[in-house]
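For reference, query19.txt (compact mmCIF, C-alpha atoms):
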```txt
# COMPACT_ATOMS: atom_id res chain seq x y z
CA MET A 1 27.43 10.35 -3.83
CA PHE A 2 30.86 11.17 -2.39
CA VAL A 3 30.83 13.77 0.39
CA ALA A 4 34.10 15.29 1.50
CA VAL A 5 34.16 15.57 5.30
CA PRO A 6 36.51 18.30 6.54
CA GLN A 7 39.43 16.84 8.45
CA ARG A 8 39.76 19.71 10.93
CA SER A 9 39.04 17.70 14.00
CA PRO A 10 37.61 14.39 15.14
CA VAL A 11 34.81 16.43 16.75
CA ILE A 12 33.50 17.36 13.30
CA ALA A 13 33.48 13.70 12.28
CA PHE A 14 31.66 12.90 15.52
CA LEU A 15 29.08 15.60 14.82
CA PHE A 16 28.54 14.14 11.37
CA VAL A 17 27.76 10.78 13.00
CA ILE A 18 25.27 12.50 15.34
CA LEU A 19 23.71 14.20 12.33
CA LEU A 20 23.23 10.84 10.64
CA LEU A 21 21.72 9.36 13.82
CA LEU A 22 19.34 12.29 14.13
CA SER A 23 18.14 11.78 10.58
CA GLY A 24 15.42 9.46 11.88
CA CYS A 25 14.32 11.69 14.72
CA ALA A 26 11.45 13.85 13.46
CA ILE A 27 8.19 12.03 14.09
CA GLN A 28 4.52 12.42 13.21
CA LEU A 29 1.97 10.67 15.43
CA ALA A 30 -1.32 12.16 14.21
CA PRO A 31 -2.78 13.20 10.83
CA ASP A 32 -2.11 16.55 9.16
CA TYR A 33 -4.33 19.54 9.91
CA ASP A 34 -7.25 19.76 7.47
CA GLU A 35 -8.42 23.36 7.22
CA GLY A 36 -11.35 22.49 4.93
CA LEU A 37 -12.64 19.96 7.43
CA VAL A 38 -12.40 22.43 10.34
CA ASP A 39 -14.17 25.17 8.33
CA GLU A 40 -17.02 22.83 7.39
CA LEU A 41 -17.23 21.54 10.98
CA ASN A 42 -17.63 25.13 12.22
CA SER A 43 -20.20 25.91 9.55
CA VAL A 44 -22.36 22.82 10.18
CA ASN A 45 -22.08 23.49 13.93
CA VAL A 46 -23.75 26.89 13.43
CA ALA A 47 -26.53 25.25 11.40
CA THR A 48 -27.06 22.56 14.05
CA LEU A 49 -27.17 25.08 16.90
CA THR A 50 -29.76 26.99 14.86
CA LEU A 51 -31.95 23.88 14.73
CA PHE A 52 -31.59 23.43 18.49
CA ALA A 53 -32.56 27.08 19.00
CA GLU A 54 -35.69 26.59 16.85
CA LEU A 55 -36.71 23.54 18.88
CA GLU A 56 -35.66 24.48 22.42
CA GLY A 57 -39.23 25.28 23.49
CA GLY A 58 -40.35 21.84 22.27
CA SER A 59 -42.03 20.84 19.00
CA PRO A 60 -45.03 18.56 18.30
CA ALA A 61 -44.88 15.72 15.77
CA SER A 62 -47.16 17.74 13.50
CA ALA A 63 -44.38 20.34 13.15
CA TYR A 64 -41.78 17.73 12.11
CA ALA A 65 -42.42 18.14 8.37
CA GLY A 66 -41.28 21.75 8.61
CA HIS A 67 -37.88 20.61 9.90
CA ALA A 68 -37.41 17.39 7.87
CA GLU A 69 -35.25 19.06 5.25
CA GLU A 70 -33.10 20.71 7.93
CA TYR A 71 -32.48 17.33 9.61
CA ALA A 72 -31.57 15.72 6.28
CA GLY A 73 -29.19 18.54 5.38
CA LEU A 74 -27.37 18.34 8.71
CA ILE A 75 -27.10 14.55 8.61
CA GLY A 76 -25.75 14.67 5.05
CA ARG A 77 -23.13 17.27 5.95
CA PHE A 78 -21.97 15.40 9.04
CA GLU A 79 -21.81 12.13 7.04
CA ALA A 80 -19.59 13.84 4.47
CA LEU A 81 -17.33 15.16 7.26
CA ARG A 82 -17.12 11.73 8.85
CA GLN A 83 -16.11 10.16 5.52
CA ARG A 84 -13.50 12.85 4.94
CA ALA A 85 -11.99 12.46 8.44
CA LYS A 86 -12.04 8.66 8.25
CA ALA A 87 -10.42 8.49 4.83
CA ARG A 88 -7.46 10.71 5.59
CA TYR A 89 -3.89 9.61 5.83
CA VAL A 90 -2.73 8.42 9.26
CA PRO A 91 1.09 8.50 9.53
CA PRO A 92 2.65 4.99 9.39
CA LEU A 93 4.39 5.32 12.76
CA ALA A 94 1.07 6.21 14.40
CA ALA A 95 -0.79 3.39 12.62
CA GLU A 96 1.94 0.97 13.72
CA LEU A 97 1.58 2.09 17.36
CA ALA A 98 -2.22 1.85 17.25
CA ARG A 99 -1.94 -1.81 16.20
CA LYS A 100 -0.04 -2.71 19.39
CA LYS A 101 -1.97 -5.01 21.73
CA VAL A 102 -1.83 -2.61 24.65
CA PHE A 103 -3.90 0.01 22.76
CA ASN A 104 -6.06 -2.43 20.82
CA SER A 105 -9.17 -2.75 23.00
CA PHE A 106 -9.39 0.92 23.93
CA CYS A 107 -8.31 2.51 20.66
CA ASN A 108 -10.18 0.31 18.21
CA GLY A 109 -13.28 2.19 17.11
CA GLU A 110 -16.20 0.50 15.37
CA ASP A 111 -14.61 0.77 11.93
CA ASN A 112 -11.61 2.91 12.83
CA PRO A 113 -8.53 0.99 14.08
CA THR A 114 -6.71 4.24 14.85
CA ALA A 115 -9.45 5.88 16.94
CA CYS A 116 -6.95 7.25 19.50
CA LEU A 117 -5.02 9.11 16.79
CA ASN A 118 -7.96 10.16 14.64
CA VAL A 119 -10.87 10.74 17.04
CA ALA A 120 -13.10 12.97 14.89
CA PRO A 121 -14.78 10.12 12.92
CA GLU A 122 -15.88 8.55 16.21
CA SER A 123 -17.23 11.79 17.69
CA ILE A 124 -18.97 12.74 14.43
CA GLY A 125 -20.44 9.22 14.32
CA GLU A 126 -22.04 9.90 17.72
CA ILE A 127 -23.35 13.26 16.49
CA LEU A 128 -25.03 11.41 13.60
CA SER A 129 -26.57 8.83 15.92
CA ASN A 130 -27.84 11.67 18.15
CA LEU A 131 -29.37 13.64 15.26
CA ARG A 132 -31.04 10.55 13.74
CA THR A 133 -32.58 9.57 17.08
CA MET A 134 -33.75 13.17 17.60
CA ARG A 135 -35.31 13.23 14.13
CA ASP A 136 -37.08 9.89 14.69
CA THR A 137 -38.34 10.96 18.13
CA HIS A 138 -39.60 14.25 16.67
CA SER A 139 -41.46 12.59 13.79
CA ALA A 140 -42.92 9.80 15.96
CA GLY A 141 -44.29 11.74 18.94
CA GLY A 142 -42.78 15.20 19.02
CA LEU A 143 -40.05 16.67 21.23
CA ASP A 144 -40.69 18.18 24.62
CA PRO A 145 -38.23 20.79 25.97
CA GLY A 146 -36.56 18.21 28.26
CA ALA A 147 -35.82 15.89 25.34
CA VAL A 148 -34.33 18.77 23.34
CA MET A 149 -32.07 19.59 26.31
CA LEU A 150 -30.89 15.96 26.44
CA PHE A 151 -30.07 15.85 22.71
CA ARG A 152 -28.36 19.22 22.97
CA GLY A 153 -26.32 18.03 25.98
CA ARG A 154 -24.94 15.07 24.01
CA TYR A 155 -24.30 17.20 20.94
CA ASP A 156 -22.28 19.76 22.93
CA ILE A 157 -19.98 17.02 24.29
CA GLU A 158 -19.42 15.46 20.86
CA ILE A 159 -18.84 18.64 18.84
CA ASP A 160 -16.41 19.86 21.52
CA GLN A 161 -14.39 16.65 21.11
CA ALA A 162 -14.31 16.91 17.31
CA LEU A 163 -13.44 20.62 17.22
CA THR A 164 -10.77 20.34 19.95
CA VAL A 165 -8.85 17.48 18.34
CA GLU A 166 -9.09 18.98 14.85
CA GLN A 167 -7.80 22.37 16.05
CA ALA A 168 -4.97 20.63 17.93
CA LEU A 169 -3.72 19.19 14.63
CA LYS A 170 -2.71 22.71 13.55
CA ARG A 171 0.93 22.53 14.59
CA MET B 172 27.42 27.43 19.78
CA GLY B 173 28.27 24.85 22.44
CA ALA B 174 26.53 22.09 24.37
CA SER B 175 25.11 24.50 26.97
CA ALA B 176 23.60 26.76 24.29
CA ILE B 177 22.02 23.74 22.59
CA LEU B 178 20.68 22.52 25.94
CA ASP B 179 19.25 25.97 26.78
CA GLU B 180 17.43 26.16 23.46
CA LEU B 181 16.19 22.59 23.82
CA LEU B 182 14.84 23.14 27.35
CA GLY B 183 13.32 26.51 26.43
CA ASN B 184 11.39 24.97 23.51
CA LEU B 185 10.37 21.94 25.53
CA GLN B 186 9.10 23.90 28.51
CA GLY B 187 6.72 25.98 26.38
CA ILE B 188 5.43 23.00 24.42
CA LEU B 189 4.82 20.78 27.46
CA SER B 190 3.25 23.57 29.49
CA ASP B 191 0.88 24.61 26.64
CA GLY B 192 0.11 21.02 25.61
CA PHE B 193 -0.73 19.67 29.05
CA GLY B 194 -2.55 22.90 29.98
CA ASP B 195 -4.82 22.45 26.95
CA ILE B 196 -5.41 18.78 27.82
CA ALA B 197 -6.33 19.68 31.42
CA ASP B 198 -8.77 22.37 30.18
CA PHE B 199 -10.36 19.92 27.74
CA ALA B 200 -10.70 17.19 30.38
CA GLU B 201 -12.29 19.61 32.84
CA ARG B 202 -14.72 20.98 30.23
CA GLN B 203 -15.75 17.50 29.07
CA GLY B 204 -16.01 16.21 32.62
CA ARG B 205 -18.33 19.07 33.55
CA MET B 206 -20.56 18.51 30.48
CA LEU B 207 -20.75 14.75 31.11
CA ALA B 208 -21.67 15.34 34.76
CA GLN B 209 -24.42 17.81 33.74
CA GLN B 210 -25.73 15.30 31.20
CA ALA B 211 -25.85 12.55 33.85
CA GLU B 212 -27.80 14.85 36.15
CA LEU B 213 -30.21 15.79 33.35
CA ILE B 214 -30.81 12.13 32.42
CA ALA B 215 -31.65 11.35 36.05
CA GLU B 216 -34.02 14.35 36.34
CA GLN B 217 -35.78 13.55 33.07
CA ARG B 218 -36.14 9.88 34.05
CA VAL B 219 -37.85 10.79 37.32
CA ASP B 220 -40.26 13.34 35.91
CA GLY B 221 -39.69 14.35 32.33
CA ALA B 222 -39.10 13.21 28.76
CA LEU B 223 -37.61 9.86 29.84
CA ALA B 224 -40.18 8.94 32.51
CA ASN B 225 -42.21 6.76 30.12
CA ASN B 226 -39.67 6.14 27.40
CA ASP B 227 -37.31 3.26 28.20
CA ALA B 228 -35.78 3.15 24.71
CA LEU B 229 -34.76 6.81 24.83
CA PHE B 230 -33.51 6.43 28.42
CA HIS B 231 -31.20 3.58 27.34
CA PHE B 232 -30.10 5.54 24.27
CA PHE B 233 -28.87 8.38 26.47
CA LEU B 234 -27.24 6.04 29.00
CA ASP B 235 -25.35 4.13 26.27
CA GLY B 236 -24.56 7.43 24.58
CA MET B 237 -22.94 8.76 27.74
CA ARG B 238 -20.72 5.68 27.94
CA ARG B 239 -19.65 6.10 24.29
CA ASP B 240 -19.09 9.85 24.75
CA ALA B 241 -16.90 9.13 27.80
CA THR B 242 -14.87 6.60 25.77
CA ASN B 243 -14.38 9.16 23.01
CA MET B 244 -13.36 11.78 25.55
CA ALA B 245 -10.62 9.40 26.77
CA ARG B 246 -9.57 8.73 23.14
CA ALA B 247 -9.42 12.48 22.51
CA ILE B 248 -7.17 12.91 25.57
CA ALA B 249 -4.93 10.12 24.20
CA MET B 250 -4.78 11.91 20.83
CA LEU B 251 -4.00 15.30 22.40
CA THR B 252 -1.26 13.61 24.47
CA ALA B 253 0.19 12.00 21.33
CA ILE B 254 0.26 15.40 19.61
CA THR B 255 2.06 16.93 22.63
CA ILE B 256 4.60 14.08 22.68
CA GLU B 257 5.12 14.54 18.94
CA LYS B 258 5.76 18.28 19.40
CA ALA B 259 8.13 17.69 22.33
CA TRP B 260 10.07 15.00 20.48
CA ASN B 261 10.40 17.17 17.38
CA ALA B 262 11.47 20.17 19.47
CA ILE B 263 14.31 18.08 20.92
CA ALA B 264 15.28 16.74 17.48
CA ASN B 265 15.16 20.23 15.94
CA ALA B 266 17.24 21.82 18.72
CA LEU B 267 19.91 19.11 18.47
CA TRP B 268 19.83 19.19 14.69
CA GLY B 269 20.05 22.98 14.64
CA GLY B 270 22.99 22.98 17.06
CA VAL B 271 24.96 20.37 15.15
CA ARG B 272 24.14 22.14 11.87
CA THR B 273 25.43 25.48 13.21
CA ILE B 274 28.69 23.91 14.41
CA LEU B 275 29.26 22.00 11.16
CA THR B 276 28.53 25.04 9.02
CA ALA B 277 30.96 27.11 11.11
CA ALA B 278 33.54 24.36 10.61
CA GLY B 279 33.27 24.65 6.83
CA VAL B 280 30.80 21.91 5.89
CA PRO B 281 28.68 23.31 3.03
CA ALA B 282 25.21 24.22 4.35
CA ALA B 283 23.62 22.71 1.24
CA LEU B 284 24.74 19.26 2.41
CA ILE B 285 22.84 19.55 5.68
CA PRO B 286 19.02 19.65 5.53
CA ALA B 287 17.36 22.42 7.56
CA THR B 288 15.12 20.00 9.48
CA PRO B 289 15.54 16.35 10.46
CA PRO B 290 13.68 14.11 8.02
CA ALA B 291 10.85 11.83 9.20
CA PRO B 292 11.66 8.21 10.01
CA VAL B 293 10.88 5.38 7.62
CA VAL B 294 8.54 2.76 9.10
CA ALA B 295 8.41 -0.68 7.56
CA GLY B 296 4.85 -1.44 6.43
```
Would you write out, as C-alpha cells, the structure that this file holds?
Amino acid sequence: MFVAVPQRSPVIAFLFVILLLLSGCAIQLAPDYDEGLVDELNSVNVATLTLFAELEGGSPASAYAGHAEEYAGLIGRFEALRQRAKARYVPPLAAELARKKVFNSFCNGEDNPTACLNVAPESIGEILSNLRTMRDTHSAGGLDPGAVMLFRGRYDIEIDQALTVEQALKR
Amino acid sequence: MGASAILDELLGNLQGILSDGFGDIADFAERQGRMLAQQAELIAEQRVDGALANNDALFHFFLDGMRRDATNMARAIAMLTAITIEKAWNAIANALWGGVRTILTAAGVPAALIPATPPAPVVAG
C-alpha cells in the first residue's frame, strides 16, 4: 500500500521512522487475565476453608466417611483449575525467555516449563498434594488439631500464591 | 507536544507503575515469608510434642512441602516482577507512541494511518 508522507519537514519523516521502530515495542510477558479461573479459585477457597473450619478441633478416622465426598469435591475442583491454568496460552516472547538456560533450572516446574510466568499450576498442584495427604491421614488414623493446623498452614501459603499471581494478571 | 511533554508523561506513568508494582511484590514477599516462618515453627513444635512426634512420613511431607512452597514463592515473585517490567515497558512505548502520534496528526498525517497503540512484537517460533 502506498502511503503519502507529508513533505513539511524532515522532522516529520524522522518521526515516521521512530513510529516504525516503535511498532515492535508493546510486549506481553505473562498470560492474559482469566476472570473465570479467579472466580472459581475464590469459590473453591471458601469451600476449602469451610472444611478446615469443620475439622479444626480434630476428627477421628471414624468420622472420615462423613467428609469423603467433601474431599473428593474439592480435589476435583482444584484439578480442573490446575488443568485450566496449565493449558492456557503463554505469550511467545515469555515462552522464549523461559527456555533460556539461565532460567531453566529454577523456572522449570514438574510439567510446566514456564513456571516463572504461569505459577498457578504449580501452587495448585501443591494444594492438591496437601489435600490428598490430609484425606489419607484422616481416613487412616484421624486428624488431631495439630495436624489440621499444619495442613491449614501449607494451604494458606499456596492459595495466597495462586490468588496473588492471578489477580496481578488483571492489567 | 514536545520532547519535554512526552518525557513528563512517560516518567509520570512509569513512576506510578514501578511504585505500585514493587510495593505489591514487597507486600507479597513479606506475607509469604511470615507464613513460611510460622509453618517452620509449627512443624518444629509438632515434631517435639504433637502430631509429628511419631509420624516420620508426615514430618518429611511437611518439610519437603515447605521447600516446594518456598520455591513457588520465588517463582511467584519472578512472575510479579515480569508483569511489572511488562507494564513499565508498555508505559514507555505508549507514551512515546502517543507523543509521536500527536505530532504527526498535528502535522497533517491522517490519524487513520497511525494505530492508537503500538502493536505487539512478532517472535519467531
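Nearest-residue note for B:Thr255: choosing from A:Ile127, A:Ile27, A:Ile157, A:Leu150, the minimum distance belongs to A:Ile27, counting only C-alpha atoms.
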Practice item. Specify as a PyMOL selection string all residues of chain B found within 7 Å of chain A, counting all atoms listed in the file. Key: chain B and resi 203+206+210+213+217+221-222+240+243-244+246-247+249-251+253-254+257+261+264+268+271+275+280+289-292+294
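Note that the spacing between atom CA of A:Ser59 and atom CA of B:Arg202 amounts to 29.5 Å.
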Exercise for review: Could you check which of B:Ala241, B:Ala224, B:Ala287, B:Leu207 is closest to B:Asn265, using only C-alpha atoms?
Suggested key: B:Ala287
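Here atom CA of A:Ile159 is placed at a distance of 25.8 Å from atom CA of B:Asp227.
Candidate residues A:Leu51, A:Leu97, A:Asp32, A:Leu81 were compared for distance to A:Glu69, and the nearest is A:Leu51, using all atoms listed in the file.
The space between atom CA of B:Glu201 and atom CA of A:Gly125 spans 22.7 Å.
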For A:Gly36, find every residue with an atom within 10 Å (counting only C-alpha atoms), except residues of its own chain fewer than 5 positions away, and show them as a tab-separated table (two decimals) with C-alpha atoms, in the coordinates of the input.
```
chain	number	residue	atom	x	y	z
A	41	LEU	CA	-17.23	21.54	10.98
A	42	ASN	CA	-17.63	25.13	12.22
A	81	LEU	CA	-17.33	15.16	7.26
A	84	ARG	CA	-13.50	12.85	4.94
```
Practice item. Counting all atoms listed in the file, select every polymer residue within 7 Å of (-40.2, 8.5, 22.1) as defined in the file's coordinates, and provide the selection as number ranges by chain. Key: A: 137, 140-141; B: 226, 229
